[in-house]
Amino acid sequence: MNNIDFYKQVMSLRRRGERGAVATIIRTKGSTPRGTGAKMIIYANGDIFGTIGGGCGEAEVIEKSFSVIRSGIAVQHQVDLTEGLFYEDGGICGGIMDVFIEPIHEVETVNLVH
């Protein structure tokens with residue numbers, strides 16, 4: 001996925017008047033599945049476009065995104081991948097990601113009077 005395709009998806013969602021959220025990794029510590037700047041769109045129906053790494057951490061961000069979509073208020077959420085079900089087996093990365101989740105709203109039109 002390239003940035004142009006990503007932002008085309010965001011603008012398409014806005015033009016259709018549908019709600020969603022954008023999740024962006026803003027900071028990492030230790031080993032994480034994706035780096036700073038990775039983004040994904042979360043649609044109100046639970047579909048996604050892009051990824052911030054998959055697995056339980058991404059699922060946690062998707063779940064948090066639903067409250068952002070409902071409230072329209074951005075949040076910062078920390079995903080801790082240092083412990084968990086698969087830690088002993090090497091099934092998780094072992095780092096921490098800070099994710100900024102922001103709502104997508106429809107485009108507001110402005111009428112200019114000359």
# chains A, B, ... in the order shown; residues from 1 in each chain; ligands from 1
>>> select_by_dssp(residues="chain A", states="strand (DSSP E)", output="PyMOL selection string")
chain A and resi 20-29+39-43+48-50+75-80+96-104
>>> write_last_selection(atoms="C-alpha atoms", output="JSON list (two decimals), in the first residue's frame")
[["chain", "number", "residue", "atom", "x", "y", "z"],
["A", 20, "GLY", "CA", -14.26, 5.63, 10.31],
["A", 21, "ALA", "CA", -10.92, 6.09, 12.01],
["A", 22, "VAL", "CA", -7.25, 6.26, 11.12],
["A", 23, "ALA", "CA", -4.77, 4.53, 13.43],
["A", 24, "THR", "CA", -1.13, 5.65, 13.14],
["A", 25, "ILE", "CA", 1.85, 4.28, 15.05],
["A", 26, "ILE", "CA", 3.47, 7.36, 16.56],
["A", 27, "ARG", "CA", 6.13, 5.74, 18.78],
["A", 28, "THR", "CA", 7.66, 2.34, 19.33],
["A", 29, "LYS", "CA", 9.91, 0.83, 21.95],
["A", 39, "LYS", "CA", -1.29, 3.45, 9.27],
["A", 40, "MET", "CA", -4.59, 1.71, 8.83],
["A", 41, "ILE", "CA", -8.18, 2.74, 8.29],
["A", 42, "ILE", "CA", -10.88, 1.20, 10.45],
["A", 43, "TYR", "CA", -14.37, 1.35, 8.97],
["A", 48, "ILE", "CA", -9.85, -2.37, 7.67],
["A", 49, "PHE", "CA", -7.54, -1.00, 5.00],
["A", 50, "GLY", "CA", -3.82, -1.29, 5.73],
["A", 75, "VAL", "CA", -7.18, 9.23, 21.46],
["A", 76, "GLN", "CA", -3.69, 7.91, 22.00],
["A", 77, "HIS", "CA", -3.59, 4.20, 22.88],
["A", 78, "GLN", "CA", -0.64, 2.13, 24.04],
["A", 79, "VAL", "CA", -0.31, -1.47, 22.84],
["A", 80, "ASP", "CA", 1.92, -3.53, 25.13],
["A", 96, "ILE", "CA", 5.40, -1.35, 22.92],
["A", 97, "MET", "CA", 3.55, 0.76, 20.34],
["A", 98, "ASP", "CA", 1.85, 4.09, 20.93],
["A", 99, "VAL", "CA", -0.97, 4.51, 18.42],
["A", 100, "PHE", "CA", -2.86, 7.71, 17.63],
["A", 101, "ILE", "CA", -6.45, 6.99, 16.61],
["A", 102, "GLU", "CA", -8.33, 9.83, 14.94],
["A", 103, "PRO", "CA", -11.88, 9.95, 13.60],
["A", 104, "ILE", "CA", -12.75, 10.37, 9.93]]
>>> select_by_dssp(residues="chain A", states="alpha helix (DSSP H)", output="JSON, numbers by chain")
{"A": [3, 4, 5, 6, 7, 8, 9, 10, 11, 12, 13, 14, 15, 55, 56, 57, 58, 59, 60, 61, 62, 63, 64, 65, 66, 67, 68, 69, 70, 71]}
>>> residues_around(residues="Ala59 (chain A)", least_positions_apart="3", cutoff="12 Å", atoms="only C-alpha atoms", output="PyMOL selection string")
chain A and resi 23+40+42+46-48+51-56+62-66+79
>>> atom_distance(atom1="CA of Glu18 (chain A)", atom2="CA of Thr36 (chain A)")
26.9 Å
>>> atom_distance(atom1="CA of His105 (chain A)", atom2="CA of Gln9 (chain A)")
12.8 Å
>>> atom_distance(atom1="CA of Ala74 (chain A)", atom2="CA of Arg19 (chain A)")
13.1 Å
>>> closest_residue(among="A:Gly95, A:Gly35, A:Gly30, A:Gly17", to="Leu81 (chain A)", atoms="only C-alpha atoms")
A:Gly95
>>> decode(residues="region 8-58 of chain A", atoms="C-alpha atoms", output="PDB file, in the first residue's frame")
ATOM      1  CA  LYS A   8      -7.691   8.133  -1.560  1.00  0.00           C
ATOM      2  CA  GLN A   9      -9.471   5.648   0.719  1.00  0.00           C
ATOM      3  CA  VAL A  10      -9.764   8.259   3.489  1.00  0.00           C
ATOM      4  CA  MET A  11     -11.168  10.870   1.081  1.00  0.00           C
ATOM      5  CA  SER A  12     -13.587   8.369  -0.448  1.00  0.00           C
ATOM      6  CA  LEU A  13     -14.934   7.550   3.009  1.00  0.00           C
ATOM      7  CA  ARG A  14     -15.324  11.249   3.790  1.00  0.00           C
ATOM      8  CA  ARG A  15     -17.069  12.031   0.494  1.00  0.00           C
ATOM      9  CA  ARG A  16     -19.573   9.211   1.065  1.00  0.00           C
ATOM     10  CA  GLY A  17     -20.338  10.665   4.489  1.00  0.00           C
ATOM     11  CA  GLU A  18     -19.301   7.469   6.251  1.00  0.00           C
ATOM     12  CA  ARG A  19     -17.512   7.391   9.566  1.00  0.00           C
ATOM     13  CA  GLY A  20     -14.263   5.626  10.314  1.00  0.00           C
ATOM     14  CA  ALA A  21     -10.925   6.095  12.015  1.00  0.00           C
ATOM     15  CA  VAL A  22      -7.250   6.260  11.118  1.00  0.00           C
ATOM     16  CA  ALA A  23      -4.767   4.534  13.429  1.00  0.00           C
ATOM     17  CA  THR A  24      -1.133   5.647  13.143  1.00  0.00           C
ATOM     18  CA  ILE A  25       1.846   4.276  15.052  1.00  0.00           C
ATOM     19  CA  ILE A  26       3.465   7.357  16.559  1.00  0.00           C
ATOM     20  CA  ARG A  27       6.132   5.743  18.775  1.00  0.00           C
ATOM     21  CA  THR A  28       7.659   2.338  19.332  1.00  0.00           C
ATOM     22  CA  LYS A  29       9.909   0.833  21.951  1.00  0.00           C
ATOM     23  CA  GLY A  30      11.547  -2.537  21.487  1.00  0.00           C
ATOM     24  CA  SER A  31      10.500  -4.997  18.815  1.00  0.00           C
ATOM     25  CA  THR A  32       7.162  -4.234  17.117  1.00  0.00           C
ATOM     26  CA  PRO A  33       5.577  -5.668  13.971  1.00  0.00           C
ATOM     27  CA  ARG A  34       5.504  -2.286  12.182  1.00  0.00           C
ATOM     28  CA  GLY A  35       7.372   0.949  12.662  1.00  0.00           C
ATOM     29  CA  THR A  36       6.479   4.543  13.362  1.00  0.00           C
ATOM     30  CA  GLY A  37       4.240   5.969  10.661  1.00  0.00           C
ATOM     31  CA  ALA A  38       2.426   2.726   9.794  1.00  0.00           C
ATOM     32  CA  LYS A  39      -1.285   3.446   9.272  1.00  0.00           C
ATOM     33  CA  MET A  40      -4.587   1.710   8.828  1.00  0.00           C
ATOM     34  CA  ILE A  41      -8.181   2.745   8.291  1.00  0.00           C
ATOM     35  CA  ILE A  42     -10.883   1.202  10.453  1.00  0.00           C
ATOM     36  CA  TYR A  43     -14.370   1.350   8.966  1.00  0.00           C
ATOM     37  CA  ALA A  44     -17.462   1.539  11.194  1.00  0.00           C
ATOM     38  CA  ASN A  45     -18.437  -1.999  10.099  1.00  0.00           C
ATOM     39  CA  GLY A  46     -15.086  -3.406  11.297  1.00  0.00           C
ATOM     40  CA  ASP A  47     -13.400  -3.697   7.903  1.00  0.00           C
ATOM     41  CA  ILE A  48      -9.853  -2.371   7.671  1.00  0.00           C
ATOM     42  CA  PHE A  49      -7.537  -0.997   5.000  1.00  0.00           C
ATOM     43  CA  GLY A  50      -3.824  -1.287   5.733  1.00  0.00           C
ATOM     44  CA  THR A  51      -2.246  -2.724   8.856  1.00  0.00           C
ATOM     45  CA  ILE A  52      -0.310  -1.725  11.931  1.00  0.00           C
ATOM     46  CA  GLY A  53       0.954  -5.249  12.469  1.00  0.00           C
ATOM     47  CA  GLY A  54      -1.879  -7.724  12.797  1.00  0.00           C
ATOM     48  CA  GLY A  55      -2.629 -10.061  15.661  1.00  0.00           C
ATOM     49  CA  CYS A  56      -3.926  -9.187  19.103  1.00  0.00           C
ATOM     50  CA  GLY A  57      -2.315  -5.732  19.146  1.00  0.00           C
ATOM     51  CA  GLU A  58      -4.081  -4.692  15.969  1.00  0.00           C
TER      52      GLU A  58
END
